[in-house]
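Asker: I am sharing final-v4.cif, which consists of mmCIF, N, CA and C atoms:
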data_start
#
loop_
_atom_site.label_atom_id
_atom_site.label_comp_id
_atom_site.auth_asym_id
_atom_site.auth_seq_id
_atom_site.Cartn_x
_atom_site.Cartn_y
_atom_site.Cartn_z
N MET S 1 12.79 10.13 5.34
CA MET S 1 11.85 10.95 4.58
C MET S 1 12.10 12.43 4.90
N SER S 2 12.06 13.25 3.89
CA SER S 2 12.32 14.68 4.05
C SER S 2 11.20 15.37 4.80
N SER S 3 11.58 16.40 5.55
CA SER S 3 10.58 17.19 6.27
C SER S 3 9.88 18.13 5.29
N ILE S 4 8.76 18.67 5.73
CA ILE S 4 8.02 19.65 4.92
C ILE S 4 8.92 20.82 4.54
N ASN S 5 9.70 21.31 5.49
CA ASN S 5 10.58 22.45 5.19
C ASN S 5 11.69 22.08 4.22
N ASP S 6 12.24 20.86 4.36
CA ASP S 6 13.28 20.41 3.41
C ASP S 6 12.73 20.37 1.98
N ILE S 7 11.52 19.84 1.84
CA ILE S 7 10.91 19.75 0.51
C ILE S 7 10.66 21.15 -0.05
N GLN S 8 10.18 22.05 0.80
CA GLN S 8 9.95 23.42 0.34
C GLN S 8 11.25 24.06 -0.12
N ASN S 9 12.33 23.82 0.61
CA ASN S 9 13.63 24.39 0.21
C ASN S 9 14.11 23.80 -1.11
N GLU S 10 13.84 22.51 -1.35
CA GLU S 10 14.18 21.90 -2.64
C GLU S 10 13.43 22.60 -3.78
N ILE S 11 12.14 22.86 -3.56
CA ILE S 11 11.32 23.53 -4.57
C ILE S 11 11.85 24.93 -4.84
N ILE S 12 12.20 25.65 -3.78
CA ILE S 12 12.75 27.01 -3.92
C ILE S 12 14.03 26.96 -4.76
N ASP S 13 14.90 25.97 -4.50
CA ASP S 13 16.14 25.82 -5.26
C ASP S 13 15.85 25.55 -6.74
N GLU S 14 14.89 24.66 -7.00
CA GLU S 14 14.52 24.34 -8.39
C GLU S 14 14.05 25.58 -9.14
N PHE S 15 13.17 26.35 -8.49
CA PHE S 15 12.62 27.54 -9.14
C PHE S 15 13.64 28.66 -9.26
N SER S 16 14.64 28.70 -8.36
CA SER S 16 15.64 29.77 -8.43
C SER S 16 16.47 29.68 -9.72
N ILE S 17 16.59 28.47 -10.25
CA ILE S 17 17.33 28.27 -11.51
C ILE S 17 16.64 29.02 -12.65
N LEU S 18 15.31 29.11 -12.57
CA LEU S 18 14.53 29.77 -13.63
C LEU S 18 14.63 31.29 -13.58
N GLY S 19 15.07 31.82 -12.44
CA GLY S 19 15.19 33.27 -12.29
C GLY S 19 13.84 33.95 -12.39
N ASP S 20 13.81 35.09 -13.05
CA ASP S 20 12.57 35.87 -13.18
C ASP S 20 11.85 35.59 -14.49
N ASP S 21 12.20 34.52 -15.16
CA ASP S 21 11.58 34.19 -16.44
C ASP S 21 10.20 33.59 -16.21
N LYS S 22 9.20 34.44 -16.33
CA LYS S 22 7.82 34.04 -16.03
C LYS S 22 7.34 32.91 -16.94
N GLU S 23 7.67 32.98 -18.20
CA GLU S 23 7.24 31.97 -19.16
C GLU S 23 7.83 30.60 -18.83
N SER S 24 9.11 30.56 -18.51
CA SER S 24 9.76 29.29 -18.14
C SER S 24 9.18 28.75 -16.84
N THR S 25 8.88 29.63 -15.92
CA THR S 25 8.31 29.21 -14.64
C THR S 25 6.94 28.58 -14.83
N ILE S 26 6.10 29.21 -15.64
CA ILE S 26 4.77 28.67 -15.91
C ILE S 26 4.89 27.32 -16.62
N PHE S 27 5.79 27.23 -17.57
CA PHE S 27 6.00 25.97 -18.29
C PHE S 27 6.45 24.87 -17.32
N TYR S 28 7.34 25.22 -16.39
CA TYR S 28 7.84 24.24 -15.42
C TYR S 28 6.71 23.78 -14.50
N ILE S 29 5.86 24.70 -14.06
CA ILE S 29 4.72 24.34 -13.21
C ILE S 29 3.81 23.36 -13.96
N MET S 30 3.55 23.66 -15.22
CA MET S 30 2.70 22.78 -16.03
C MET S 30 3.36 21.40 -16.22
N GLU S 31 4.67 21.39 -16.37
CA GLU S 31 5.42 20.14 -16.51
C GLU S 31 5.29 19.29 -15.24
N LEU S 32 5.35 19.94 -14.09
CA LEU S 32 5.20 19.23 -12.81
C LEU S 32 3.82 18.58 -12.71
N GLY S 33 2.82 19.27 -13.20
CA GLY S 33 1.46 18.72 -13.19
C GLY S 33 1.34 17.45 -13.99
N GLY S 34 2.12 17.36 -15.03
CA GLY S 34 2.11 16.17 -15.87
C GLY S 34 2.67 14.94 -15.18
N LYS S 35 3.36 15.16 -14.06
CA LYS S 35 3.96 14.05 -13.32
C LYS S 35 3.05 13.55 -12.19
N LEU S 36 1.88 14.15 -12.06
CA LEU S 36 0.94 13.70 -11.02
C LEU S 36 0.54 12.25 -11.26
N GLN S 37 0.36 11.54 -10.17
CA GLN S 37 -0.13 10.16 -10.25
C GLN S 37 -1.53 10.18 -10.88
N ASP S 38 -1.84 9.17 -11.68
CA ASP S 38 -3.16 9.10 -12.31
C ASP S 38 -4.27 9.17 -11.26
N PHE S 39 -5.28 9.95 -11.58
CA PHE S 39 -6.41 10.13 -10.67
C PHE S 39 -7.54 9.20 -11.12
N PRO S 40 -8.05 8.39 -10.20
CA PRO S 40 -9.09 7.42 -10.58
C PRO S 40 -10.36 8.10 -11.11
N GLU S 41 -10.84 7.60 -12.21
CA GLU S 41 -12.03 8.16 -12.86
C GLU S 41 -13.23 8.20 -11.91
N GLU S 42 -13.38 7.16 -11.09
CA GLU S 42 -14.53 7.09 -10.17
C GLU S 42 -14.47 8.13 -9.05
N GLU S 43 -13.30 8.77 -8.89
CA GLU S 43 -13.18 9.82 -7.86
C GLU S 43 -13.48 11.22 -8.42
N ARG S 44 -13.74 11.32 -9.72
CA ARG S 44 -14.08 12.61 -10.33
C ARG S 44 -15.56 12.91 -10.10
N VAL S 45 -15.87 13.11 -8.84
CA VAL S 45 -17.25 13.39 -8.44
C VAL S 45 -17.31 14.75 -7.76
N ASP S 46 -18.50 15.32 -7.71
CA ASP S 46 -18.67 16.67 -7.16
C ASP S 46 -18.14 16.80 -5.73
N GLU S 47 -18.30 15.73 -4.92
CA GLU S 47 -17.84 15.82 -3.52
C GLU S 47 -16.33 16.03 -3.41
N ASN S 48 -15.59 15.65 -4.45
CA ASN S 48 -14.13 15.77 -4.41
C ASN S 48 -13.61 17.04 -5.10
N ILE S 49 -14.52 17.88 -5.58
CA ILE S 49 -14.10 19.14 -6.21
C ILE S 49 -13.85 20.18 -5.12
N ILE S 50 -12.72 20.86 -5.22
CA ILE S 50 -12.39 21.91 -4.25
C ILE S 50 -13.18 23.16 -4.60
N LYS S 51 -13.96 23.63 -3.66
CA LYS S 51 -14.74 24.86 -3.85
C LYS S 51 -13.81 26.06 -3.76
N GLY S 52 -14.03 27.04 -4.61
CA GLY S 52 -13.22 28.26 -4.56
C GLY S 52 -12.13 28.30 -5.61
N CYS S 53 -12.03 27.26 -6.41
CA CYS S 53 -11.05 27.24 -7.50
C CYS S 53 -11.75 27.60 -8.80
N GLN S 54 -11.10 28.42 -9.59
CA GLN S 54 -11.62 28.81 -10.90
C GLN S 54 -11.68 27.58 -11.82
N SER S 55 -10.64 26.76 -11.75
CA SER S 55 -10.59 25.52 -12.52
C SER S 55 -11.22 24.41 -11.69
N LYS S 56 -11.49 23.28 -12.34
CA LYS S 56 -11.94 22.12 -11.58
C LYS S 56 -10.72 21.43 -10.99
N VAL S 57 -10.76 21.21 -9.69
CA VAL S 57 -9.69 20.49 -9.00
C VAL S 57 -10.34 19.42 -8.14
N TRP S 58 -9.96 18.18 -8.41
CA TRP S 58 -10.44 17.07 -7.61
C TRP S 58 -9.34 16.69 -6.64
N LEU S 59 -9.72 16.46 -5.38
CA LEU S 59 -8.74 16.09 -4.35
C LEU S 59 -9.33 15.02 -3.46
N THR S 60 -8.55 13.97 -3.23
CA THR S 60 -8.94 12.94 -2.27
C THR S 60 -7.77 12.73 -1.31
N ALA S 61 -8.09 12.15 -0.18
CA ALA S 61 -7.05 11.84 0.80
C ALA S 61 -7.37 10.49 1.42
N ARG S 62 -6.30 9.80 1.77
CA ARG S 62 -6.47 8.55 2.51
C ARG S 62 -5.38 8.52 3.58
N GLU S 63 -5.68 7.77 4.62
CA GLU S 63 -4.72 7.65 5.71
C GLU S 63 -4.06 6.28 5.63
N GLU S 64 -2.76 6.28 5.77
CA GLU S 64 -1.99 5.04 5.75
C GLU S 64 -0.82 5.20 6.71
N ASN S 65 -0.70 4.30 7.66
CA ASN S 65 0.38 4.37 8.67
C ASN S 65 0.40 5.73 9.38
N GLU S 66 -0.79 6.23 9.71
CA GLU S 66 -0.95 7.52 10.41
C GLU S 66 -0.43 8.70 9.60
N GLU S 67 -0.29 8.52 8.29
CA GLU S 67 0.09 9.62 7.39
C GLU S 67 -1.04 9.86 6.42
N VAL S 68 -1.13 11.11 5.96
CA VAL S 68 -2.16 11.48 4.99
C VAL S 68 -1.54 11.47 3.60
N HIS S 69 -2.20 10.78 2.68
CA HIS S 69 -1.73 10.70 1.30
C HIS S 69 -2.80 11.31 0.39
N PHE S 70 -2.38 12.26 -0.42
CA PHE S 70 -3.30 12.98 -1.29
C PHE S 70 -3.17 12.52 -2.74
N LEU S 71 -4.29 12.56 -3.44
CA LEU S 71 -4.35 12.38 -4.88
C LEU S 71 -5.16 13.53 -5.43
N ALA S 72 -4.76 14.06 -6.58
CA ALA S 72 -5.50 15.19 -7.15
C ALA S 72 -5.36 15.22 -8.65
N ASP S 73 -6.24 16.00 -9.25
CA ASP S 73 -6.19 16.25 -10.68
C ASP S 73 -6.92 17.56 -10.95
N SER S 74 -6.68 18.12 -12.11
CA SER S 74 -7.36 19.35 -12.51
C SER S 74 -7.60 19.32 -14.01
N ASN S 75 -8.55 20.15 -14.43
CA ASN S 75 -8.83 20.23 -15.87
C ASN S 75 -7.94 21.27 -16.57
N THR S 76 -7.06 21.95 -15.84
CA THR S 76 -6.11 22.88 -16.48
C THR S 76 -4.68 22.53 -16.05
N ASP S 77 -3.76 22.67 -16.97
CA ASP S 77 -2.37 22.25 -16.73
C ASP S 77 -1.70 23.04 -15.62
N ILE S 78 -1.92 24.36 -15.58
CA ILE S 78 -1.23 25.16 -14.56
C ILE S 78 -1.76 24.82 -13.16
N THR S 79 -3.06 24.62 -13.04
CA THR S 79 -3.63 24.28 -11.74
C THR S 79 -3.18 22.88 -11.32
N LYS S 80 -3.06 22.00 -12.26
CA LYS S 80 -2.55 20.66 -12.00
C LYS S 80 -1.12 20.76 -11.45
N GLY S 81 -0.34 21.66 -12.01
CA GLY S 81 1.02 21.88 -11.52
C GLY S 81 1.04 22.44 -10.11
N LEU S 82 0.13 23.36 -9.82
CA LEU S 82 0.08 23.95 -8.48
C LEU S 82 -0.28 22.90 -7.44
N ILE S 83 -1.30 22.08 -7.72
CA ILE S 83 -1.70 21.05 -6.75
C ILE S 83 -0.59 20.00 -6.62
N SER S 84 0.16 19.76 -7.71
CA SER S 84 1.25 18.78 -7.62
C SER S 84 2.33 19.27 -6.65
N LEU S 85 2.58 20.58 -6.62
CA LEU S 85 3.55 21.13 -5.67
C LEU S 85 3.06 20.94 -4.24
N LEU S 86 1.78 21.20 -4.01
CA LEU S 86 1.23 21.03 -2.66
C LEU S 86 1.28 19.56 -2.23
N ILE S 87 0.98 18.67 -3.15
CA ILE S 87 1.04 17.24 -2.84
C ILE S 87 2.48 16.84 -2.51
N ARG S 88 3.41 17.35 -3.28
CA ARG S 88 4.82 17.03 -3.03
C ARG S 88 5.24 17.45 -1.62
N VAL S 89 4.75 18.59 -1.16
CA VAL S 89 5.12 19.11 0.15
C VAL S 89 4.36 18.40 1.28
N LEU S 90 3.07 18.16 1.09
CA LEU S 90 2.23 17.72 2.22
C LEU S 90 1.88 16.23 2.25
N SER S 91 1.89 15.55 1.11
CA SER S 91 1.47 14.15 1.09
C SER S 91 2.50 13.27 1.79
N GLY S 92 1.99 12.26 2.52
CA GLY S 92 2.88 11.34 3.23
C GLY S 92 3.34 11.86 4.57
N LYS S 93 2.69 12.91 5.03
CA LYS S 93 3.05 13.51 6.33
C LYS S 93 1.96 13.22 7.36
N LYS S 94 2.31 13.33 8.61
CA LYS S 94 1.35 13.13 9.70
C LYS S 94 0.41 14.34 9.74
N PRO S 95 -0.85 14.12 10.15
CA PRO S 95 -1.81 15.22 10.18
C PRO S 95 -1.31 16.47 10.91
N LYS S 96 -0.66 16.28 12.06
CA LYS S 96 -0.17 17.44 12.82
C LYS S 96 0.87 18.23 12.02
N GLU S 97 1.73 17.53 11.30
CA GLU S 97 2.75 18.21 10.48
C GLU S 97 2.07 19.07 9.41
N ILE S 98 1.03 18.51 8.79
CA ILE S 98 0.31 19.25 7.74
C ILE S 98 -0.38 20.48 8.34
N LEU S 99 -1.03 20.28 9.48
CA LEU S 99 -1.74 21.40 10.12
C LEU S 99 -0.79 22.50 10.57
N ASP S 100 0.40 22.11 11.03
CA ASP S 100 1.38 23.09 11.54
C ASP S 100 2.23 23.70 10.43
N ALA S 101 2.15 23.16 9.22
CA ALA S 101 3.03 23.60 8.13
C ALA S 101 2.77 25.05 7.75
N GLU S 102 3.85 25.78 7.66
CA GLU S 102 3.80 27.13 7.10
C GLU S 102 4.40 27.02 5.70
N LEU S 103 3.57 27.24 4.71
CA LEU S 103 4.00 27.01 3.33
C LEU S 103 4.69 28.26 2.77
N PHE S 104 5.96 28.42 3.17
CA PHE S 104 6.73 29.60 2.78
C PHE S 104 7.22 29.55 1.34
N PHE S 105 7.25 28.37 0.74
CA PHE S 105 7.79 28.26 -0.63
C PHE S 105 6.97 29.06 -1.64
N ILE S 106 5.68 29.21 -1.37
CA ILE S 106 4.78 29.90 -2.30
C ILE S 106 5.25 31.35 -2.53
N ASP S 107 5.55 32.05 -1.44
CA ASP S 107 6.05 33.42 -1.56
C ASP S 107 7.49 33.46 -2.08
N LYS S 108 8.31 32.53 -1.60
CA LYS S 108 9.73 32.53 -1.97
C LYS S 108 9.95 32.32 -3.47
N ILE S 109 9.06 31.57 -4.13
CA ILE S 109 9.24 31.37 -5.57
C ILE S 109 8.45 32.41 -6.37
N GLY S 110 7.83 33.37 -5.66
CA GLY S 110 7.11 34.45 -6.33
C GLY S 110 5.83 34.00 -7.00
N MET S 111 5.18 33.00 -6.41
CA MET S 111 3.98 32.43 -7.02
C MET S 111 2.88 33.48 -7.24
N GLY S 112 2.72 34.38 -6.30
CA GLY S 112 1.69 35.42 -6.43
C GLY S 112 1.83 36.24 -7.70
N ASN S 113 3.08 36.54 -8.08
CA ASN S 113 3.34 37.31 -9.29
C ASN S 113 3.09 36.51 -10.56
N ILE S 114 3.16 35.19 -10.42
CA ILE S 114 3.06 34.32 -11.59
C ILE S 114 1.61 33.98 -11.92
N ILE S 115 0.81 33.70 -10.90
CA ILE S 115 -0.51 33.11 -11.16
C ILE S 115 -1.68 34.08 -11.07
N GLY S 116 -1.49 35.25 -10.53
CA GLY S 116 -2.59 36.21 -10.46
C GLY S 116 -3.55 35.94 -9.31
N SER S 117 -4.48 36.86 -9.08
CA SER S 117 -5.32 36.80 -7.89
C SER S 117 -6.35 35.67 -7.92
N GLN S 118 -6.94 35.39 -9.07
CA GLN S 118 -7.94 34.31 -9.14
C GLN S 118 -7.31 32.96 -8.77
N ARG S 119 -6.15 32.66 -9.35
CA ARG S 119 -5.49 31.39 -9.04
C ARG S 119 -4.93 31.40 -7.63
N SER S 120 -4.55 32.56 -7.11
CA SER S 120 -4.09 32.65 -5.72
C SER S 120 -5.21 32.24 -4.78
N ASN S 121 -6.43 32.69 -5.08
CA ASN S 121 -7.58 32.28 -4.27
C ASN S 121 -7.79 30.78 -4.36
N GLY S 122 -7.63 30.22 -5.55
CA GLY S 122 -7.76 28.79 -5.74
C GLY S 122 -6.69 28.01 -4.99
N LEU S 123 -5.46 28.54 -5.01
CA LEU S 123 -4.36 27.91 -4.28
C LEU S 123 -4.66 27.88 -2.79
N SER S 124 -5.19 28.98 -2.27
CA SER S 124 -5.58 29.04 -0.86
C SER S 124 -6.67 28.02 -0.56
N ALA S 125 -7.61 27.85 -1.47
CA ALA S 125 -8.68 26.87 -1.29
C ALA S 125 -8.11 25.45 -1.27
N MET S 126 -7.11 25.18 -2.11
CA MET S 126 -6.48 23.86 -2.13
C MET S 126 -5.80 23.57 -0.79
N ILE S 127 -5.04 24.55 -0.31
CA ILE S 127 -4.34 24.39 0.97
C ILE S 127 -5.34 24.17 2.09
N LYS S 128 -6.40 24.96 2.09
CA LYS S 128 -7.43 24.84 3.13
C LYS S 128 -8.05 23.43 3.11
N GLN S 129 -8.36 22.91 1.93
CA GLN S 129 -8.96 21.58 1.83
C GLN S 129 -7.99 20.50 2.31
N MET S 130 -6.72 20.63 1.98
CA MET S 130 -5.73 19.65 2.42
C MET S 130 -5.60 19.67 3.94
N LYS S 131 -5.63 20.87 4.51
CA LYS S 131 -5.54 20.98 5.98
C LYS S 131 -6.82 20.46 6.64
N LEU S 132 -7.97 20.63 5.98
CA LEU S 132 -9.21 20.07 6.52
C LEU S 132 -9.15 18.55 6.56
N TYR S 133 -8.64 17.93 5.52
CA TYR S 133 -8.45 16.47 5.53
C TYR S 133 -7.52 16.07 6.68
N ALA S 134 -6.42 16.80 6.84
CA ALA S 134 -5.46 16.50 7.92
C ALA S 134 -6.13 16.62 9.29
N PHE S 135 -6.94 17.67 9.45
CA PHE S 135 -7.65 17.87 10.72
C PHE S 135 -8.60 16.71 10.99
N ALA S 136 -9.32 16.26 9.96
CA ALA S 136 -10.25 15.14 10.12
C ALA S 136 -9.50 13.87 10.53
N TYR S 137 -8.37 13.60 9.91
CA TYR S 137 -7.61 12.40 10.25
C TYR S 137 -6.98 12.53 11.65
N GLN S 138 -6.54 13.72 12.01
CA GLN S 138 -5.98 13.93 13.35
C GLN S 138 -7.06 13.70 14.42
N THR S 139 -8.25 14.22 14.17
CA THR S 139 -9.37 14.05 15.08
C THR S 139 -9.69 12.56 15.23
N LYS S 140 -9.68 11.85 14.13
CA LYS S 140 -9.96 10.41 14.13
C LYS S 140 -8.88 9.65 14.92
N GLN S 141 -7.62 10.04 14.73
CA GLN S 141 -6.52 9.38 15.42
C GLN S 141 -6.58 9.61 16.94
N ASN S 142 -7.04 10.80 17.32
CA ASN S 142 -7.10 11.15 18.74
C ASN S 142 -8.36 10.66 19.43
N ALA S 143 -9.31 10.12 18.66
CA ALA S 143 -10.58 9.67 19.25
C ALA S 143 -10.41 8.41 20.08
#
What would the structure in this file look like if it were written as structure tokens?
Answerer:
Amino acid sequence: MSSINDIQNEIIDEFSILGDDKESTIFYIMELGGKLQDFPEEERVDENIIKGCQSKVWLTAREENEEVHFLADSNTDITKGLISLLIRVLSGKKPKEILDAELFFIDKIGMGNIIGSQRSNGLSAMIKQMKLYAFAYQTKQNA
């Protein structure tokens, strides 16, 4: 299984092909969102909505074999694409790996220039929630 940094480098390589074409980059992000695993209807509840996102983003996590697995969905295509990137990087990893992860791919692909400040705040909220889940599972594992 690839490390968090290996996956981030793959993402950077994929986005480098697009160059500075903002429209193609946004389209690609939206395309990635379309590949997200189906999100169960019964999980679309207020407790699973990430606070601090302009769009609605539902996120759940489960632990399997001491790894954290995330599922998510959003009501907007671009946000769905953003959470799909985070899931690709962080899902299936051990809690400590998630907590220690420095998500450098976001800056390297110029995400800040693409999504604007409101979505940047939402992206930070998504990362924070994923790390909170990892922290909870790590605490449980160490108990």
Asker: Using all atoms listed in the file, determine which residues lie at most 8 Å from range 84-99 of chain S, disregarding the query and same-chain residues fewer than 2 positions distant; provide the list as number ranges by chain.
Answerer: S: 3-8, 29, 32-37, 64-73, 78-82, 101-102, 126-127, 130-139
Asker: How would the residues just picked look written out with N, CA and C atoms as a CSV table (one decimal), keeping the file's coordinate frame?
Answerer:
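Produced file selection_12.csv, reproduced below:
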chain,number,residue,atom,x,y,z
S,3,SER,N,11.6,16.4,5.6
S,3,SER,CA,10.6,17.2,6.3
S,3,SER,C,9.9,18.1,5.3
S,4,ILE,N,8.8,18.7,5.7
S,4,ILE,CA,8.0,19.6,4.9
S,4,ILE,C,8.9,20.8,4.5
S,5,ASN,N,9.7,21.3,5.5
S,5,ASN,CA,10.6,22.4,5.2
S,5,ASN,C,11.7,22.1,4.2
S,6,ASP,N,12.2,20.9,4.4
S,6,ASP,CA,13.3,20.4,3.4
S,6,ASP,C,12.7,20.4,2.0
S,7,ILE,N,11.5,19.8,1.8
S,7,ILE,CA,10.9,19.8,0.5
S,7,ILE,C,10.7,21.2,0.0
S,8,GLN,N,10.2,22.0,0.8
S,8,GLN,CA,10.0,23.4,0.3
S,8,GLN,C,11.2,24.1,-0.1
S,29,ILE,N,5.9,24.7,-14.1
S,29,ILE,CA,4.7,24.3,-13.2
S,29,ILE,C,3.8,23.4,-14.0
S,32,LEU,N,5.4,19.9,-14.1
S,32,LEU,CA,5.2,19.2,-12.8
S,32,LEU,C,3.8,18.6,-12.7
S,33,GLY,N,2.8,19.3,-13.2
S,33,GLY,CA,1.5,18.7,-13.2
S,33,GLY,C,1.3,17.4,-14.0
S,34,GLY,N,2.1,17.4,-15.0
S,34,GLY,CA,2.1,16.2,-15.9
S,34,GLY,C,2.7,14.9,-15.2
S,35,LYS,N,3.4,15.2,-14.1
S,35,LYS,CA,4.0,14.0,-13.3
S,35,LYS,C,3.0,13.6,-12.2
S,36,LEU,N,1.9,14.2,-12.1
S,36,LEU,CA,0.9,13.7,-11.0
S,36,LEU,C,0.5,12.2,-11.3
S,37,GLN,N,0.4,11.5,-10.2
S,37,GLN,CA,-0.1,10.2,-10.2
S,37,GLN,C,-1.5,10.2,-10.9
S,64,GLU,N,-2.8,6.3,5.8
S,64,GLU,CA,-2.0,5.0,5.8
S,64,GLU,C,-0.8,5.2,6.7
S,65,ASN,N,-0.7,4.3,7.7
S,65,ASN,CA,0.4,4.4,8.7
S,65,ASN,C,0.4,5.7,9.4
S,66,GLU,N,-0.8,6.2,9.7
S,66,GLU,CA,-1.0,7.5,10.4
S,66,GLU,C,-0.4,8.7,9.6
S,67,GLU,N,-0.3,8.5,8.3
S,67,GLU,CA,0.1,9.6,7.4
S,67,GLU,C,-1.0,9.9,6.4
S,68,VAL,N,-1.1,11.1,6.0
S,68,VAL,CA,-2.2,11.5,5.0
S,68,VAL,C,-1.5,11.5,3.6
S,69,HIS,N,-2.2,10.8,2.7
S,69,HIS,CA,-1.7,10.7,1.3
S,69,HIS,C,-2.8,11.3,0.4
S,70,PHE,N,-2.4,12.3,-0.4
S,70,PHE,CA,-3.3,13.0,-1.3
S,70,PHE,C,-3.2,12.5,-2.7
S,71,LEU,N,-4.3,12.6,-3.4
S,71,LEU,CA,-4.4,12.4,-4.9
S,71,LEU,C,-5.2,13.5,-5.4
S,72,ALA,N,-4.8,14.1,-6.6
S,72,ALA,CA,-5.5,15.2,-7.2
S,72,ALA,C,-5.4,15.2,-8.6
S,73,ASP,N,-6.2,16.0,-9.2
S,73,ASP,CA,-6.2,16.2,-10.7
S,73,ASP,C,-6.9,17.6,-11.0
S,78,ILE,N,-1.9,24.4,-15.6
S,78,ILE,CA,-1.2,25.2,-14.6
S,78,ILE,C,-1.8,24.8,-13.2
S,79,THR,N,-3.1,24.6,-13.0
S,79,THR,CA,-3.6,24.3,-11.7
S,79,THR,C,-3.2,22.9,-11.3
S,80,LYS,N,-3.1,22.0,-12.3
S,80,LYS,CA,-2.6,20.7,-12.0
S,80,LYS,C,-1.1,20.8,-11.4
S,81,GLY,N,-0.3,21.7,-12.0
S,81,GLY,CA,1.0,21.9,-11.5
S,81,GLY,C,1.0,22.4,-10.1
S,82,LEU,N,0.1,23.4,-9.8
S,82,LEU,CA,0.1,24.0,-8.5
S,82,LEU,C,-0.3,22.9,-7.4
S,101,ALA,N,2.2,23.2,9.2
S,101,ALA,CA,3.0,23.6,8.1
S,101,ALA,C,2.8,25.0,7.8
S,102,GLU,N,3.8,25.8,7.7
S,102,GLU,CA,3.8,27.1,7.1
S,102,GLU,C,4.4,27.0,5.7
S,126,MET,N,-7.1,25.2,-2.1
S,126,MET,CA,-6.5,23.9,-2.1
S,126,MET,C,-5.8,23.6,-0.8
S,127,ILE,N,-5.0,24.6,-0.3
S,127,ILE,CA,-4.3,24.4,1.0
S,127,ILE,C,-5.3,24.2,2.1
S,130,MET,N,-6.7,20.6,2.0
S,130,MET,CA,-5.7,19.6,2.4
S,130,MET,C,-5.6,19.7,3.9
S,131,LYS,N,-5.6,20.9,4.5
S,131,LYS,CA,-5.5,21.0,6.0
S,131,LYS,C,-6.8,20.5,6.6
S,132,LEU,N,-8.0,20.6,6.0
S,132,LEU,CA,-9.2,20.1,6.5
S,132,LEU,C,-9.2,18.6,6.6
S,133,TYR,N,-8.6,17.9,5.5
S,133,TYR,CA,-8.4,16.5,5.5
S,133,TYR,C,-7.5,16.1,6.7
S,134,ALA,N,-6.4,16.8,6.8
S,134,ALA,CA,-5.5,16.5,7.9
S,134,ALA,C,-6.1,16.6,9.3
S,135,PHE,N,-6.9,17.7,9.4
S,135,PHE,CA,-7.6,17.9,10.7
S,135,PHE,C,-8.6,16.7,11.0
S,136,ALA,N,-9.3,16.3,10.0
S,136,ALA,CA,-10.2,15.1,10.1
S,136,ALA,C,-9.5,13.9,10.5
S,137,TYR,N,-8.4,13.6,9.9
S,137,TYR,CA,-7.6,12.4,10.2
S,137,TYR,C,-7.0,12.5,11.6
S,138,GLN,N,-6.5,13.7,12.0
S,138,GLN,CA,-6.0,13.9,13.4
S,138,GLN,C,-7.1,13.7,14.4
S,139,THR,N,-8.2,14.2,14.2
S,139,THR,CA,-9.4,14.0,15.1
S,139,THR,C,-9.7,12.6,15.2
Asker: What's the separation between atom C of Asp77 in chain S and atom C of Tyr28 in chain S, in Å to one decimal place?
Answerer: 8.5 Å
Asker: Could you put an axis-aligned box around every listed atom of range 25-36 of chain S, padded by 5 Å on each side, and send me its centre and edge lengths in Å to one decimal, as lines of an AutoDock Vina configuration file?
Answerer:
center_x = 4.7
center_y = 20.9
center_z = -14.7
size_x = 18.3
size_y = 27.4
size_z = 17.3
Asker: From the list S:Cys53, S:Pro40, S:Met1, S:Glu23, which residue is nearest Ala125 in chain S when using all atoms listed in the file?
Answerer: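 Nearest to Ala125 in chain S: S:Cys53.
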Asker: Hey, can you check how far CA of Asp107 in chain S sits from CA of Ile12 in chain S?
Answerer: 9.6 Å
Asker: Given the file shown, enumerate the residues that the PyMOL selection byres (((chain S and resi 49 and name CA) around 10) and name CA) captures and present them as a PyMOL selection string.
Answerer: chain S and resi 43-48+50-53+55-60+72-74+126+129
Asker: For Asp13 in chain S, which residue among S:Glu31, S:Glu42, S:Ile109, S:Asn75 is the nearest when counting all atoms listed in the file?
Answerer: S:Ile109
Asker: Just to confirm, what's the straight-line distance from atom C of Ile26 in chain S to CA of Glu14 in chain S in Å (one decimal)?
Answerer: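 Between atom C of Ile26 in chain S and CA of Glu14 in chain S the gap is 13.0 Å.
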Asker: If you run DSSP over the backbone, which residues in range 8-135 of chain S end up strand (DSSP E or B)? Put them as a list in words.
Answerer: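 Residues of range 8-135 of chain S classed as strand (DSSP E or B): Ile49, Val57, Trp58, Leu59, Thr60, Ala61, Arg62, Glu63, Glu64, Glu67, Val68, His69, Phe70, Leu71, Ala72, Asp73, Ser74 and Lys93 of chain S.
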Asker: Which one of S:Gln54, S:Asp21, S:Glu10, S:Glu41 sits closest to Gly116 in chain S if you count only C-alpha atoms?
Answerer: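 Ranked by minimum distance to Gly116 in chain S, first place goes to S:Gln54.
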Asker: Got a sec to tell me which of range 48-90 of chain S DSSP assigns to alpha helix (DSSP H), as an MDAnalysis selection string?
Answerer: chainID S and resid 77:90
Asker: Pull out every residue that the PyMOL selection byres (((chain S and resi 22 and name CA) around 10) and name CA) matches in the shown coordinates and put them as a ChimeraX atom specification.
Answerer: /S:18-21,23-28,110-111,113-115
Asker: Looking at S:Lys108, S:Leu103, S:Thr76, S:Met30, which one is nearest to Lys128 in chain S, with distances taken over only C-alpha atoms?
Answerer: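 Closest to Lys128 in chain S of all the choices is S:Leu103.
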